[in-house]
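Scroll down for the structure; my scribbles are underneath it.
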Amino acid sequence: MFTGIITHTGTITKTEPRGDLRATIACDFADALRIGDSVAVNGCCLTVVAKDTEHFSAELSAETLACTAPRWQEGELVN
């Protein structure tokens with residue numbers, strides 16, 4: 001059984017075609033993140049490329065999208 005280390009959830013608030021896809025996620029810990037930090041989102045390790053006090057953004061490669069689609073839609077809850 002997976003006991004996990006999920007401590008927070010977030011919501012995808014924006015997706016845009018930058019790189020293959022840039023996803024912006026609203027979460028309650030964004031203020032603590034730094035550019036370059038790694039965040040596990042739905043089992044994928046993503047790198048923070050932009051942030052503000054309530055959101056962070058990460059760019060997803062075509063390979064990540066192929067292995068995880070259709071998870072990356074605006075309004076989706078992620079962990």
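By convention here, the chains of the structure tokens are called A, B, ... in the order presented, each chain's residues are numbered starting at 1, and ligands are numbered starting at 1 in the order presented.
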
Non-local contacts of Ala69 in chain A (12 Å; only C-alpha atoms; under 4 positions in same chain excluded) as a ChimeraX atom specification: /A:21,42,44,60-65,73,76

Kindly save the residues from that selection, with N, CA, C and O atoms included, as an mmCIF file, in the first residue's frame.
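Saved result, out.cif, follows:
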```cif
data_model
loop_
_atom_site.group_PDB
_atom_site.id
_atom_site.type_symbol
_atom_site.label_atom_id
_atom_site.label_comp_id
_atom_site.auth_asym_id
_atom_site.auth_seq_id
_atom_site.Cartn_x
_atom_site.Cartn_y
_atom_site.Cartn_z
ATOM 1 N N LEU A 21 4.049 22.525 -22.888
ATOM 2 C CA LEU A 21 2.901 23.047 -22.151
ATOM 3 C C LEU A 21 3.407 23.680 -20.869
ATOM 4 O O LEU A 21 4.241 23.097 -20.167
ATOM 5 N N ASN A 42 1.027 15.102 -9.006
ATOM 6 C CA ASN A 42 0.399 13.890 -9.553
ATOM 7 C C ASN A 42 1.447 12.866 -9.978
ATOM 8 O O ASN A 42 1.315 12.220 -11.019
ATOM 9 N N CYS A 44 4.505 13.396 -10.974
ATOM 10 C CA CYS A 44 5.522 13.925 -11.900
ATOM 11 C C CYS A 44 6.364 14.960 -11.175
ATOM 12 O O CYS A 44 5.832 15.828 -10.485
ATOM 13 N N LEU A 60 5.933 21.395 -18.963
ATOM 14 C CA LEU A 60 5.850 19.949 -19.127
ATOM 15 C C LEU A 60 6.272 19.587 -20.535
ATOM 16 O O LEU A 60 5.821 20.206 -21.503
ATOM 17 N N SER A 61 7.133 18.593 -20.644
ATOM 18 C CA SER A 61 7.611 18.147 -21.953
ATOM 19 C C SER A 61 6.554 17.284 -22.640
ATOM 20 O O SER A 61 5.601 16.805 -22.011
ATOM 21 N N ALA A 62 6.750 17.078 -23.927
ATOM 22 C CA ALA A 62 5.845 16.213 -24.690
ATOM 23 C C ALA A 62 5.800 14.809 -24.094
ATOM 24 O O ALA A 62 4.737 14.182 -24.037
ATOM 25 N N GLU A 63 6.931 14.308 -23.631
ATOM 26 C CA GLU A 63 6.981 12.969 -23.030
ATOM 27 C C GLU A 63 6.156 12.913 -21.746
ATOM 28 O O GLU A 63 5.403 11.962 -21.518
ATOM 29 N N THR A 64 6.275 13.926 -20.907
ATOM 30 C CA THR A 64 5.470 13.975 -19.684
ATOM 31 C C THR A 64 3.993 14.012 -20.027
ATOM 32 O O THR A 64 3.184 13.293 -19.435
ATOM 33 N N LEU A 65 3.631 14.834 -20.994
ATOM 34 C CA LEU A 65 2.229 14.913 -21.404
ATOM 35 C C LEU A 65 1.733 13.583 -21.950
ATOM 36 O O LEU A 65 0.619 13.146 -21.642
ATOM 37 N N GLN A 73 -5.408 19.930 -17.357
ATOM 38 C CA GLN A 73 -6.482 20.782 -17.860
ATOM 39 C C GLN A 73 -6.830 21.827 -16.796
ATOM 40 O O GLN A 73 -6.820 21.526 -15.593
ATOM 41 N N GLU A 76 -8.494 21.396 -13.034
ATOM 42 C CA GLU A 76 -8.198 20.083 -12.442
ATOM 43 C C GLU A 76 -7.550 20.248 -11.068
ATOM 44 O O GLU A 76 -6.663 21.080 -10.869
#
```

Alpha helix (DSSP H) call set, DSSP backbone run, chain A, as an MDAnalysis selection string: chainID A and resid 62:68

Could you save the residues just selected, with all heavy atoms, as a PDB file, in the first residue's frame?
```
ATOM      1  N   ALA A  62       6.750  17.078 -23.927  1.00  0.00           N
ATOM      2  CA  ALA A  62       5.845  16.213 -24.690  1.00  0.00           C
ATOM      3  C   ALA A  62       5.800  14.809 -24.094  1.00  0.00           C
ATOM      4  O   ALA A  62       4.737  14.182 -24.037  1.00  0.00           O
ATOM      5  CB  ALA A  62       6.266  16.164 -26.154  1.00  0.00           C
ATOM      6  N   GLU A  63       6.931  14.308 -23.631  1.00  0.00           N
ATOM      7  CA  GLU A  63       6.981  12.969 -23.030  1.00  0.00           C
ATOM      8  C   GLU A  63       6.156  12.913 -21.746  1.00  0.00           C
ATOM      9  O   GLU A  63       5.403  11.962 -21.518  1.00  0.00           O
ATOM     10  CB  GLU A  63       8.425  12.563 -22.742  1.00  0.00           C
ATOM     11  CG  GLU A  63       8.581  11.178 -22.151  1.00  0.00           C
ATOM     12  CD  GLU A  63       8.197  10.044 -23.095  1.00  0.00           C
ATOM     13  OE1 GLU A  63       8.120  10.267 -24.317  1.00  0.00           O
ATOM     14  OE2 GLU A  63       7.984   8.915 -22.603  1.00  0.00           O
ATOM     15  N   THR A  64       6.275  13.926 -20.907  1.00  0.00           N
ATOM     16  CA  THR A  64       5.470  13.975 -19.684  1.00  0.00           C
ATOM     17  C   THR A  64       3.993  14.012 -20.027  1.00  0.00           C
ATOM     18  O   THR A  64       3.184  13.293 -19.435  1.00  0.00           O
ATOM     19  CB  THR A  64       5.850  15.197 -18.830  1.00  0.00           C
ATOM     20  OG1 THR A  64       7.223  15.064 -18.436  1.00  0.00           O
ATOM     21  CG2 THR A  64       4.980  15.322 -17.592  1.00  0.00           C
ATOM     22  N   LEU A  65       3.631  14.834 -20.994  1.00  0.00           N
ATOM     23  CA  LEU A  65       2.229  14.913 -21.404  1.00  0.00           C
ATOM     24  C   LEU A  65       1.733  13.583 -21.950  1.00  0.00           C
ATOM     25  O   LEU A  65       0.619  13.146 -21.642  1.00  0.00           O
ATOM     26  CB  LEU A  65       2.046  16.009 -22.449  1.00  0.00           C
ATOM     27  CG  LEU A  65       2.291  17.432 -21.935  1.00  0.00           C
ATOM     28  CD1 LEU A  65       2.311  18.403 -23.101  1.00  0.00           C
ATOM     29  CD2 LEU A  65       1.262  17.807 -20.896  1.00  0.00           C
ATOM     30  N   ALA A  66       2.542  12.904 -22.751  1.00  0.00           N
ATOM     31  CA  ALA A  66       2.140  11.621 -23.337  1.00  0.00           C
ATOM     32  C   ALA A  66       1.909  10.559 -22.261  1.00  0.00           C
ATOM     33  O   ALA A  66       1.023   9.719 -22.391  1.00  0.00           O
ATOM     34  CB  ALA A  66       3.192  11.143 -24.333  1.00  0.00           C
ATOM     35  N   CYS A  67       2.693  10.624 -21.194  1.00  0.00           N
ATOM     36  CA  CYS A  67       2.588   9.615 -20.136  1.00  0.00           C
ATOM     37  C   CYS A  67       1.527   9.948 -19.087  1.00  0.00           C
ATOM     38  O   CYS A  67       1.150   9.074 -18.311  1.00  0.00           O
ATOM     39  CB  CYS A  67       3.939   9.446 -19.454  1.00  0.00           C
ATOM     40  SG  CYS A  67       5.198   8.707 -20.513  1.00  0.00           S
ATOM     41  N   THR A  68       1.070  11.184 -19.057  1.00  0.00           N
ATOM     42  CA  THR A  68       0.167  11.592 -17.984  1.00  0.00           C
ATOM     43  C   THR A  68      -1.141  12.204 -18.461  1.00  0.00           C
ATOM     44  O   THR A  68      -1.996  12.522 -17.641  1.00  0.00           O
ATOM     45  CB  THR A  68       0.849  12.613 -17.049  1.00  0.00           C
ATOM     46  OG1 THR A  68       1.168  13.788 -17.801  1.00  0.00           O
ATOM     47  CG2 THR A  68       2.093  12.030 -16.419  1.00  0.00           C
TER      48      THR A  68
END
```

Exercise: Thr7 in chain A partners within 12 Å, only C-alpha atoms, chain neighbours under 6 positions left out, as a list in words: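 Once the adjacent positions are removed, what remains is Cys27, Asp28, Phe29, Val39, Ala40, Val41, Asn42, Val78 and Asn79 of chain A.
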
Since we have the selection now, will you write its residues out, keeping N, CA and C atoms, as a PDB file, in the first residue's frame?
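Output saved as selection.pdb:
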```pdb
ATOM      1  N   CYS A  27      -1.726  27.085  -5.202  1.00  0.00           N
ATOM      2  CA  CYS A  27      -1.536  26.247  -4.013  1.00  0.00           C
ATOM      3  C   CYS A  27      -1.211  27.143  -2.825  1.00  0.00           C
ATOM      4  N   ASP A  28      -1.352  26.592  -1.632  1.00  0.00           N
ATOM      5  CA  ASP A  28      -1.136  27.398  -0.436  1.00  0.00           C
ATOM      6  C   ASP A  28       0.317  27.460   0.020  1.00  0.00           C
ATOM      7  N   PHE A  29       1.239  26.860  -0.727  1.00  0.00           N
ATOM      8  CA  PHE A  29       2.653  26.905  -0.347  1.00  0.00           C
ATOM      9  C   PHE A  29       3.526  27.585  -1.396  1.00  0.00           C
ATOM     10  N   VAL A  39       8.900  20.130  -7.568  1.00  0.00           N
ATOM     11  CA  VAL A  39       7.645  19.834  -6.880  1.00  0.00           C
ATOM     12  C   VAL A  39       7.024  18.612  -7.548  1.00  0.00           C
ATOM     13  N   ALA A  40       6.653  17.629  -6.755  1.00  0.00           N
ATOM     14  CA  ALA A  40       5.963  16.455  -7.289  1.00  0.00           C
ATOM     15  C   ALA A  40       4.489  16.791  -7.441  1.00  0.00           C
ATOM     16  N   VAL A  41       3.985  16.656  -8.657  1.00  0.00           N
ATOM     17  CA  VAL A  41       2.579  16.954  -8.945  1.00  0.00           C
ATOM     18  C   VAL A  41       1.983  15.736  -9.649  1.00  0.00           C
ATOM     19  N   ASN A  42       1.027  15.102  -9.006  1.00  0.00           N
ATOM     20  CA  ASN A  42       0.399  13.890  -9.553  1.00  0.00           C
ATOM     21  C   ASN A  42       1.447  12.866  -9.978  1.00  0.00           C
ATOM     22  N   VAL A  78      -5.005  18.825  -8.406  1.00  0.00           N
ATOM     23  CA  VAL A  78      -3.793  18.000  -8.459  1.00  0.00           C
ATOM     24  C   VAL A  78      -3.229  17.854  -7.054  1.00  0.00           C
ATOM     25  N   ASN A  79      -2.380  16.824  -6.871  1.00  0.00           N
ATOM     26  CA  ASN A  79      -1.745  16.646  -5.567  1.00  0.00           C
ATOM     27  C   ASN A  79      -0.264  16.409  -5.729  1.00  0.00           C
TER      28      ASN A  79
END
```

Nearest-residue call for Gly10 in chain A, choices A:Ser38, A:Ala26, A:Ser57, A:Gly43, using only C-alpha atoms: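 Checking each candidate against Gly10 in chain A, we get A:Ala26 as the closest.
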
Distance in Å - CA of Thr47 in chain A versus CA of Thr15 in chain A: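 One can read the CA of Thr47 in chain A to CA of Thr15 in chain A distance as 15.3 Å.
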
Polymer residues at most 8 Å from Ala30 in chain A, only C-alpha atoms, same-chain spacing of 3 or more positions, as a PyMOL selection string: chain A and resi 26-27+33+51-56

Spatial neighbours of Glu59 in chain A, max dist 10 Å, only C-alpha atoms, sep filter under 6 positions, as a PyMOL selection string: chain A and resi 15-24+46-50

Distance of CA of Asp37 in chain A from CA of Thr11 in chain A, expressed in Å to one decimal place: 18.5 Å

Gap from CA of Lys14 in chain A to CA of Glu74 in chain A - Å, one decimal: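 These two atoms are separated by 5.5 Å.
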
DSSP strand (DSSP E or B) selection over range 2-69 of chain A, as a PyMOL selection string: chain A and resi 10-16+21-26+38-41+44-51+55-60

Please, could you write that set of residues out with C-alpha atoms as a PDB file, in the first residue's frame?
```pdb
ATOM      1  CA  GLY A  10      -3.648  22.574  -5.817  1.00  0.00           C
ATOM      2  CA  THR A  11      -5.705  23.584  -8.814  1.00  0.00           C
ATOM      3  CA  ILE A  12      -4.478  24.117 -12.349  1.00  0.00           C
ATOM      4  CA  THR A  13      -5.494  27.685 -13.099  1.00  0.00           C
ATOM      5  CA  LYS A  14      -3.898  28.166 -16.511  1.00  0.00           C
ATOM      6  CA  THR A  15      -2.327  26.141 -19.302  1.00  0.00           C
ATOM      7  CA  GLU A  16      -0.543  27.603 -22.297  1.00  0.00           C
ATOM      8  CA  LEU A  21       2.901  23.047 -22.151  1.00  0.00           C
ATOM      9  CA  ARG A  22       3.204  25.457 -19.259  1.00  0.00           C
ATOM     10  CA  ALA A  23       0.838  24.797 -16.364  1.00  0.00           C
ATOM     11  CA  THR A  24       0.160  27.290 -13.598  1.00  0.00           C
ATOM     12  CA  ILE A  25      -1.011  25.801 -10.317  1.00  0.00           C
ATOM     13  CA  ALA A  26      -2.627  27.616  -7.390  1.00  0.00           C
ATOM     14  CA  SER A  38      11.274  20.609  -7.739  1.00  0.00           C
ATOM     15  CA  VAL A  39       7.645  19.834  -6.880  1.00  0.00           C
ATOM     16  CA  ALA A  40       5.963  16.455  -7.289  1.00  0.00           C
ATOM     17  CA  VAL A  41       2.579  16.954  -8.945  1.00  0.00           C
ATOM     18  CA  CYS A  44       5.522  13.925 -11.900  1.00  0.00           C
ATOM     19  CA  CYS A  45       8.551  15.845 -10.748  1.00  0.00           C
ATOM     20  CA  LEU A  46       8.156  19.402 -12.087  1.00  0.00           C
ATOM     21  CA  THR A  47      10.568  22.340 -11.907  1.00  0.00           C
ATOM     22  CA  VAL A  48       9.282  25.747 -10.837  1.00  0.00           C
ATOM     23  CA  VAL A  49       9.924  28.205 -13.693  1.00  0.00           C
ATOM     24  CA  ALA A  50       7.792  31.119 -12.426  1.00  0.00           C
ATOM     25  CA  LYS A  51       5.896  31.924  -9.239  1.00  0.00           C
ATOM     26  CA  HIS A  55       0.789  30.153  -7.865  1.00  0.00           C
ATOM     27  CA  PHE A  56       3.727  28.418  -9.458  1.00  0.00           C
ATOM     28  CA  SER A  57       4.301  27.475 -13.079  1.00  0.00           C
ATOM     29  CA  ALA A  58       6.123  24.517 -14.581  1.00  0.00           C
ATOM     30  CA  GLU A  59       6.817  23.479 -18.160  1.00  0.00           C
ATOM     31  CA  LEU A  60       5.850  19.949 -19.127  1.00  0.00           C
TER      32      LEU A  60
END
```
